[in-house]
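Engineer: Could you have a look at this structure, given as structure tokens, before my questions?
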Amino acid sequence: MELHGVSKINDNGHLEIGGVDVIELTKEYGTPLIAYDTALIRERMRSFKQTFEKHGITAQVAYASKAFSCKAMIQLVAQEGLSLDVVSAGELYTAVQAGFPVKKIHFHGNNKSIEEIRMGVEAGIGCFVTDNFYEISLLEQVSKEKGVKIPVLLRITPGIEAHTHDYILTGHEDSKFGFDLGSGQVEGAIQAVKDSEHIELLGVHCHIGSQIFESTGFVMAAEKIYEAMNRWYHEMDYIPKVMNLGGGFGIRYTDEDDPLLPNQYIEEIIQAVKAKSEQFGLPVPEIWIEPGRSIVGDAGTTLYSVGSTKEIPNVRKYVAVDGGMSDNLRPALYQAKYDAALANRMNDEREELVSIAGKCCESGDMLIWDVELPKVKGDDVLAVFCTGAYGYSMANNYNRIPRPAVVFVENGVAKLVIKRESYEDLVRYDLSL
Ligand code: LLP
């Protein structure tokens with residue numbers, strides 16, 4: 001098992017994140033607790049930005065806030081000078097509350113309501129990533145109401161089959177997202193926006209999927225867009241200023257995963273874009289990307305208290321923790337795999353193969369099917385690694401389990417950024433008969 005970022009094992013044999021002993025963190029904030037290594041988040045963000053800078057490419061790196069959104073996270077994104085991808089009025093509201101520079105916000109979604117569009121326009125966001133013809137008509141309507149011209153990117157589905165889980169694959173033809181490139185829908189959308197005096201067409205967007213390990217899919221998407229751009233240039237006199245290639249850069253959850261480093265994906269994308277613009281004699285556009293998982297995924301660790309165990313001789317030993325699918329839905333939803341360790345006994349020999357169960361009333365509530373650990377005891381703290389993306393953001397109150405607390409840890413200092421939900425929080429919308 002390889003530790004991430006500035007995590008290490010201290011003299012007490014405890015896991016340390018951001019210079020703080022995680023056992024101290026659990027004493028202060030309780031469990032389950034999600035601890036982020038803030039320095040690692042910063043490092044990931046900088047690595048994406050610096051790769052574009054190194055090649056002299058005008059770029060926007062927009063953090064996909066669906067991976068993990070809260071005010072402190074958005075403020076961190078602002079500190080590092082990134083842009084922000086939001087996908088709902090709720091994510092937009094969080095960004096505005098966090099004081100994020102609104103011009104750097106890009107608003108996504110396949111079914112934005114007119115209220116959401118109004119909210120974005122009133123806030124003065126940078127652009128909408130427009131998904132369908134219905135949305136174009138809503139944008140027209142809001143633009144007329146407010147007397148402003150609305151900047152957009154058109155989301156296109158390039159027909160790429162990326163290698164990932166079916167539910168998180170988005171760039172193929174049979175997808176609910178975007179204008180289809182194969183059937184001429186994109187050209188219809190370009191024409192509609194070009195003809196509109198209310199909408200400004202900045203460029204195109206595509207997102208081929210998530211947790212992708214190879215650069216091939218991104219390179220193929222860029223090539224397909226270039227071939228289309230060549231047609232648009234000759235047939236419609238249109239050259240996009242911006243090419244947004246979305247997010248989806250994979251990370252290492254367990255030793256079975258073998259992703260590229262963040263900057264390696266970008267290097268290959270840049271090479272492909274440069275080669276194609278030379279081939280077609282077209283300008284190099286601004287390249288925008290939207291990484292989520294690759295910025296926060298491996299920076300997050302969930303700390304649980306170990307509780308009951310159940311051993312079925314010759315079958316399996318279950319070790320239950322005080323959370324589960326309520327704070328991490330990914331194993332149940334995508335059969336996602338994680339690695340774990342006993343945070344209070346990092347140096348002890350791993351001598352038994354166990355399965356980590358959650359506390360929810362559902363057999364599928366398993367966090368890890370097979371992991372080797374030292375012989376587990378009642379007062380142990382289990383650290384599950386790489387839970388920083390789509391963990392808290394998909395957390396829920398199944399079984400009325402309160403959502404965990406979240407801390408950011410950096411330079412030996414822990415900062416509580418999301419409070420643990422209380423039982424009162426759980427009943428705050430309930431009304432009596
Ligand atoms: N841009 C767009 C348009 C997206 O749809 C997504 C993710 C991203 C960027 C960020 O992708 P990332 O870099 O984080 O892979 N809940 C699933 C992931 C769903 C991703 C949805 N879209 C999971 O837990 O694996």
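Order determines the names: the first chain of the structure tokens is A, the second B, and so forth; residues in each chain are numbered 1 upward, and ligands are numbered 1 upward as they are shown.
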Tell me, counting only C-alpha atoms and all ligand atoms, for each residue of chain A within 6 Å of ligand 1, which pair of atoms is nearest and how far apart they are in Å to one decimal, in rows ordered by chain and increasing number, as JSON lines.
Structural biologist:
```
{"residue": "A:Ala64", "atom": "CA", "partner": "ligand 1", "partner_atom_place_in_ligand_line": "10 (C)", "distance": 5.1}
{"residue": "A:Ala67", "atom": "CA", "partner": "ligand 1", "partner_atom_place_in_ligand_line": "14 (O)", "distance": 5.6}
{"residue": "A:Ile168", "atom": "CA", "partner": "ligand 1", "partner_atom_place_in_ligand_line": "19 (C)", "distance": 5.2}
{"residue": "A:His207", "atom": "CA", "partner": "ligand 1", "partner_atom_place_in_ligand_line": "3 (C)", "distance": 5.2}
{"residue": "A:Ser210", "atom": "CA", "partner": "ligand 1", "partner_atom_place_in_ligand_line": "15 (O)", "distance": 3.7}
{"residue": "A:Gln211", "atom": "CA", "partner": "ligand 1", "partner_atom_place_in_ligand_line": "15 (O)", "distance": 5.2}
{"residue": "A:Gly246", "atom": "CA", "partner": "ligand 1", "partner_atom_place_in_ligand_line": "1 (N)", "distance": 4.5}
{"residue": "A:Gly247", "atom": "CA", "partner": "ligand 1", "partner_atom_place_in_ligand_line": "13 (O)", "distance": 3.8}
{"residue": "A:Gly248", "atom": "CA", "partner": "ligand 1", "partner_atom_place_in_ligand_line": "15 (O)", "distance": 3.2}
{"residue": "A:Phe249", "atom": "CA", "partner": "ligand 1", "partner_atom_place_in_ligand_line": "13 (O)", "distance": 5.3}
{"residue": "A:Glu290", "atom": "CA", "partner": "ligand 1", "partner_atom_place_in_ligand_line": "9 (C)", "distance": 4.6}
{"residue": "A:Pro291", "atom": "CA", "partner": "ligand 1", "partner_atom_place_in_ligand_line": "13 (O)", "distance": 3.7}
{"residue": "A:Gly292", "atom": "CA", "partner": "ligand 1", "partner_atom_place_in_ligand_line": "14 (O)", "distance": 3.4}
{"residue": "A:Arg293", "atom": "CA", "partner": "ligand 1", "partner_atom_place_in_ligand_line": "14 (O)", "distance": 3.7}
{"residue": "A:Ser294", "atom": "CA", "partner": "ligand 1", "partner_atom_place_in_ligand_line": "13 (O)", "distance": 5.8}
{"residue": "A:Arg330", "atom": "CA", "partner": "ligand 1", "partner_atom_place_in_ligand_line": "24 (O)", "distance": 5.6}
{"residue": "A:Tyr390", "atom": "CA", "partner": "ligand 1", "partner_atom_place_in_ligand_line": "24 (O)", "distance": 4.6}
```
Engineer: Write out as an NGL selection string which residues come within 8 Å of Ile418 in chain A when counting only C-alpha atoms, dropping same-chain ones fewer than 6 positions away.
Structural biologist: :A and (70 or 405-407)
Engineer: Can you tell me, as a list in words, which residues in range 178-305 of chain A count as strand (DSSP E or B) by DSSP?
Structural biologist: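 Answer for range 178-305 of chain A, restricted to strand (DSSP E or B): Phe179, Asp180, Ile199, Glu200, Leu201, Leu202, Gly203, Val204, His205, Gly209, Ile212, Val242, Met243, Asn244, Phe249, Glu286, Ile287, Trp288, Ile289, Gly300, Thr301, Thr302, Leu303, Tyr304 and Ser305 of chain A.
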Engineer: Which residues in range 240-384 of chain A does DSSP call alpha helix (DSSP H)? List them as an MDAnalysis selection string.
Structural biologist: chainID A and resid 262:280 293:296 330:334
Engineer: Keeping N, CA, C and O atoms, export the residues of the selection given above as a tab-separated table (two decimals), in the first residue's frame.
Structural biologist:
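So the final result, stored in out-v5.tsv, reads:
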```tsv
chain	number	residue	atom	x	y	z
A	262	PRO	N	-1.63	13.45	-13.55
A	262	PRO	CA	-2.47	14.50	-14.14
A	262	PRO	C	-1.79	15.21	-15.31
A	262	PRO	O	-2.38	15.39	-16.37
A	263	ASN	N	-0.52	15.57	-15.14
A	263	ASN	CA	0.13	16.34	-16.19
A	263	ASN	C	0.36	15.51	-17.47
A	263	ASN	O	0.41	16.05	-18.57
A	264	GLN	N	0.45	14.16	-17.31
A	264	GLN	CA	0.68	13.33	-18.50
A	264	GLN	C	-0.53	13.35	-19.44
A	264	GLN	O	-0.38	13.41	-20.66
A	265	TYR	N	-1.74	13.33	-18.86
A	265	TYR	CA	-2.94	13.43	-19.71
A	265	TYR	C	-2.89	14.73	-20.52
A	265	TYR	O	-3.17	14.76	-21.71
A	266	ILE	N	-2.52	15.79	-19.82
A	266	ILE	CA	-2.57	17.12	-20.45
A	266	ILE	C	-1.49	17.23	-21.54
A	266	ILE	O	-1.74	17.77	-22.62
A	267	GLU	N	-0.29	16.69	-21.24
A	267	GLU	CA	0.78	16.71	-22.24
A	267	GLU	C	0.27	16.09	-23.54
A	267	GLU	O	0.45	16.65	-24.62
A	268	GLU	N	-0.37	14.93	-23.42
A	268	GLU	CA	-0.79	14.22	-24.64
A	268	GLU	C	-1.92	14.94	-25.36
A	268	GLU	O	-1.97	14.96	-26.59
A	269	ILE	N	-2.82	15.54	-24.59
A	269	ILE	CA	-3.90	16.31	-25.21
A	269	ILE	C	-3.30	17.49	-25.99
A	269	ILE	O	-3.67	17.75	-27.14
A	270	ILE	N	-2.35	18.18	-25.36
A	270	ILE	CA	-1.75	19.35	-26.02
A	270	ILE	C	-1.05	18.93	-27.32
A	270	ILE	O	-1.21	19.59	-28.37
A	271	GLN	N	-0.31	17.82	-27.26
A	271	GLN	CA	0.37	17.35	-28.49
A	271	GLN	C	-0.64	17.09	-29.60
A	271	GLN	O	-0.46	17.49	-30.74
A	272	ALA	N	-1.76	16.43	-29.24
A	272	ALA	CA	-2.76	16.08	-30.24
A	272	ALA	C	-3.39	17.34	-30.84
A	272	ALA	O	-3.56	17.45	-32.06
A	273	VAL	N	-3.70	18.30	-29.98
A	273	VAL	CA	-4.33	19.53	-30.46
A	273	VAL	C	-3.38	20.29	-31.39
A	273	VAL	O	-3.77	20.74	-32.47
A	274	LYS	N	-2.12	20.37	-30.98
A	274	LYS	CA	-1.14	21.09	-31.82
A	274	LYS	C	-1.00	20.39	-33.18
A	274	LYS	O	-0.98	21.05	-34.23
A	275	ALA	N	-0.90	19.06	-33.15
A	275	ALA	CA	-0.71	18.31	-34.40
A	275	ALA	C	-1.91	18.52	-35.32
A	275	ALA	O	-1.75	18.75	-36.53
A	276	LYS	N	-3.11	18.47	-34.77
A	276	LYS	CA	-4.31	18.59	-35.61
A	276	LYS	C	-4.46	20.02	-36.15
A	276	LYS	O	-4.91	20.22	-37.27
A	277	SER	N	-4.10	21.01	-35.33
A	277	SER	CA	-4.27	22.37	-35.87
A	277	SER	C	-3.28	22.62	-37.00
A	277	SER	O	-3.60	23.30	-37.96
A	278	GLU	N	-2.10	21.98	-36.90
A	278	GLU	CA	-1.16	22.10	-38.01
A	278	GLU	C	-1.71	21.40	-39.26
A	278	GLU	O	-1.72	21.97	-40.35
A	279	GLN	N	-2.21	20.17	-39.03
A	279	GLN	CA	-2.73	19.38	-40.16
A	279	GLN	C	-3.83	20.12	-40.92
A	279	GLN	O	-3.86	20.14	-42.15
A	280	PHE	N	-4.75	20.75	-40.17
A	280	PHE	CA	-5.89	21.41	-40.83
A	280	PHE	C	-5.66	22.91	-41.07
A	280	PHE	O	-6.54	23.60	-41.60
A	293	ARG	N	-12.39	14.39	-9.83
A	293	ARG	CA	-11.78	13.28	-9.07
A	293	ARG	C	-10.27	13.43	-8.92
A	293	ARG	O	-9.72	13.20	-7.85
A	294	SER	N	-9.59	13.80	-10.02
A	294	SER	CA	-8.13	13.83	-9.98
A	294	SER	C	-7.60	14.98	-9.13
A	294	SER	O	-6.41	15.06	-8.87
A	295	ILE	N	-8.49	15.89	-8.70
A	295	ILE	CA	-8.04	16.96	-7.81
A	295	ILE	C	-8.26	16.61	-6.34
A	295	ILE	O	-7.40	16.84	-5.51
A	296	VAL	N	-9.40	15.99	-6.03
A	296	VAL	CA	-9.70	15.74	-4.62
A	296	VAL	C	-9.69	14.27	-4.20
A	296	VAL	O	-9.69	13.95	-3.01
A	330	ARG	N	-20.18	4.62	-3.42
A	330	ARG	CA	-19.52	4.14	-4.63
A	330	ARG	C	-19.34	2.61	-4.69
A	330	ARG	O	-19.58	2.02	-5.73
A	331	PRO	N	-18.96	1.95	-3.57
A	331	PRO	CA	-18.84	0.48	-3.68
A	331	PRO	C	-20.18	-0.16	-4.03
A	331	PRO	O	-20.23	-1.06	-4.88
A	332	ALA	N	-21.27	0.29	-3.40
A	332	ALA	CA	-22.57	-0.32	-3.66
A	332	ALA	C	-23.06	0.01	-5.07
A	332	ALA	O	-23.67	-0.81	-5.75
A	333	LEU	N	-22.77	1.23	-5.53
A	333	LEU	CA	-23.30	1.68	-6.82
A	333	LEU	C	-22.46	1.23	-8.01
A	333	LEU	O	-22.99	0.89	-9.06
A	334	TYR	N	-21.15	1.27	-7.86
A	334	TYR	CA	-20.28	0.97	-9.01
A	334	TYR	C	-19.34	-0.22	-8.75
A	334	TYR	O	-18.38	-0.41	-9.50
```
Engineer: With only C-alpha atoms as the counted atoms, please give the residues lying no more than 10 Å from Ala78 in chain A, apart from itself and same-chain residues fewer than 4 positions off, as a ChimeraX atom specification.
Structural biologist: /A:63,72-74,82-84,95,98-101,104
Engineer: Can you work out which one of A:Pro374, A:Gly56, A:Gly124, A:Pro402 has the shortest atom-to-atom distance to Val284 in chain A, counting only C-alpha atoms?
Structural biologist: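 Of A:Pro374, A:Gly56, A:Gly124, A:Pro402, the one nearest Val284 in chain A is A:Gly56, counting only C-alpha atoms.
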Engineer: Show which residues sit within 8 Å of Ile150 in chain A, as number ranges by chain. Count only C-alpha atoms, and ignore same-chain residues fewer than 3 positions away.
Structural biologist: A: 121, 127-128, 139, 143, 198-200
Engineer: Could you take the residues named above and write them with N, CA, C and O atoms, as a short mmCIF file (atom, residue, chain, number, x, y, z; two decimals), in the first residue's frame?
Structural biologist:
```
data_model
loop_
_atom_site.label_atom_id
_atom_site.label_comp_id
_atom_site.auth_asym_id
_atom_site.auth_seq_id
_atom_site.Cartn_x
_atom_site.Cartn_y
_atom_site.Cartn_z
N VAL A 121 -27.51 33.87 -14.81
CA VAL A 121 -27.37 35.15 -15.53
C VAL A 121 -27.34 36.31 -14.54
O VAL A 121 -26.51 37.23 -14.65
N CYS A 127 -20.02 31.38 -18.28
CA CYS A 127 -20.70 30.78 -19.42
C CYS A 127 -21.60 29.62 -19.00
O CYS A 127 -21.47 29.09 -17.89
N PHE A 128 -22.52 29.31 -19.91
CA PHE A 128 -23.34 28.11 -19.77
C PHE A 128 -22.81 27.06 -20.73
O PHE A 128 -22.48 27.40 -21.88
N LEU A 139 -32.43 29.97 -22.86
CA LEU A 139 -31.39 31.01 -22.81
C LEU A 139 -31.85 32.25 -23.57
O LEU A 139 -31.65 33.39 -23.12
N SER A 143 -32.27 35.81 -21.87
CA SER A 143 -31.46 36.90 -22.42
C SER A 143 -32.35 38.11 -22.76
O SER A 143 -31.99 39.26 -22.46
N HIS A 198 -28.91 36.88 -29.09
CA HIS A 198 -28.91 36.89 -27.62
C HIS A 198 -27.85 35.99 -27.01
O HIS A 198 -27.62 36.02 -25.81
N ILE A 199 -27.27 35.14 -27.85
CA ILE A 199 -26.31 34.16 -27.31
C ILE A 199 -24.98 34.30 -28.03
O ILE A 199 -24.94 34.43 -29.25
N GLU A 200 -23.91 34.26 -27.23
CA GLU A 200 -22.57 34.37 -27.83
C GLU A 200 -21.93 32.99 -27.79
O GLU A 200 -21.79 32.39 -26.72
#
```
Engineer: Residues within 12 Å of range 15-20 of chain A, please, as number ranges by chain. Count only C-alpha atoms; anything in the same chain fewer than 3 positions from it doesn't count.
Structural biologist: A: 3-12, 23-26, 28, 34-41, 298-303, 340-347, 381-385, 407-415
Engineer: Would you kindly return, as a list of chain:residue names, each protein, DNA or RNA residue with an atom no farther than 8 Å from any atom of Asp322 in chain A, considering only C-alpha atoms and excluding same-chain residues fewer than 3 positions away?
Structural biologist: A:Thr31, A:Pro32, A:Tyr304, A:Ser305, A:Val306, A:Gly307, A:Gly358, A:Lys359
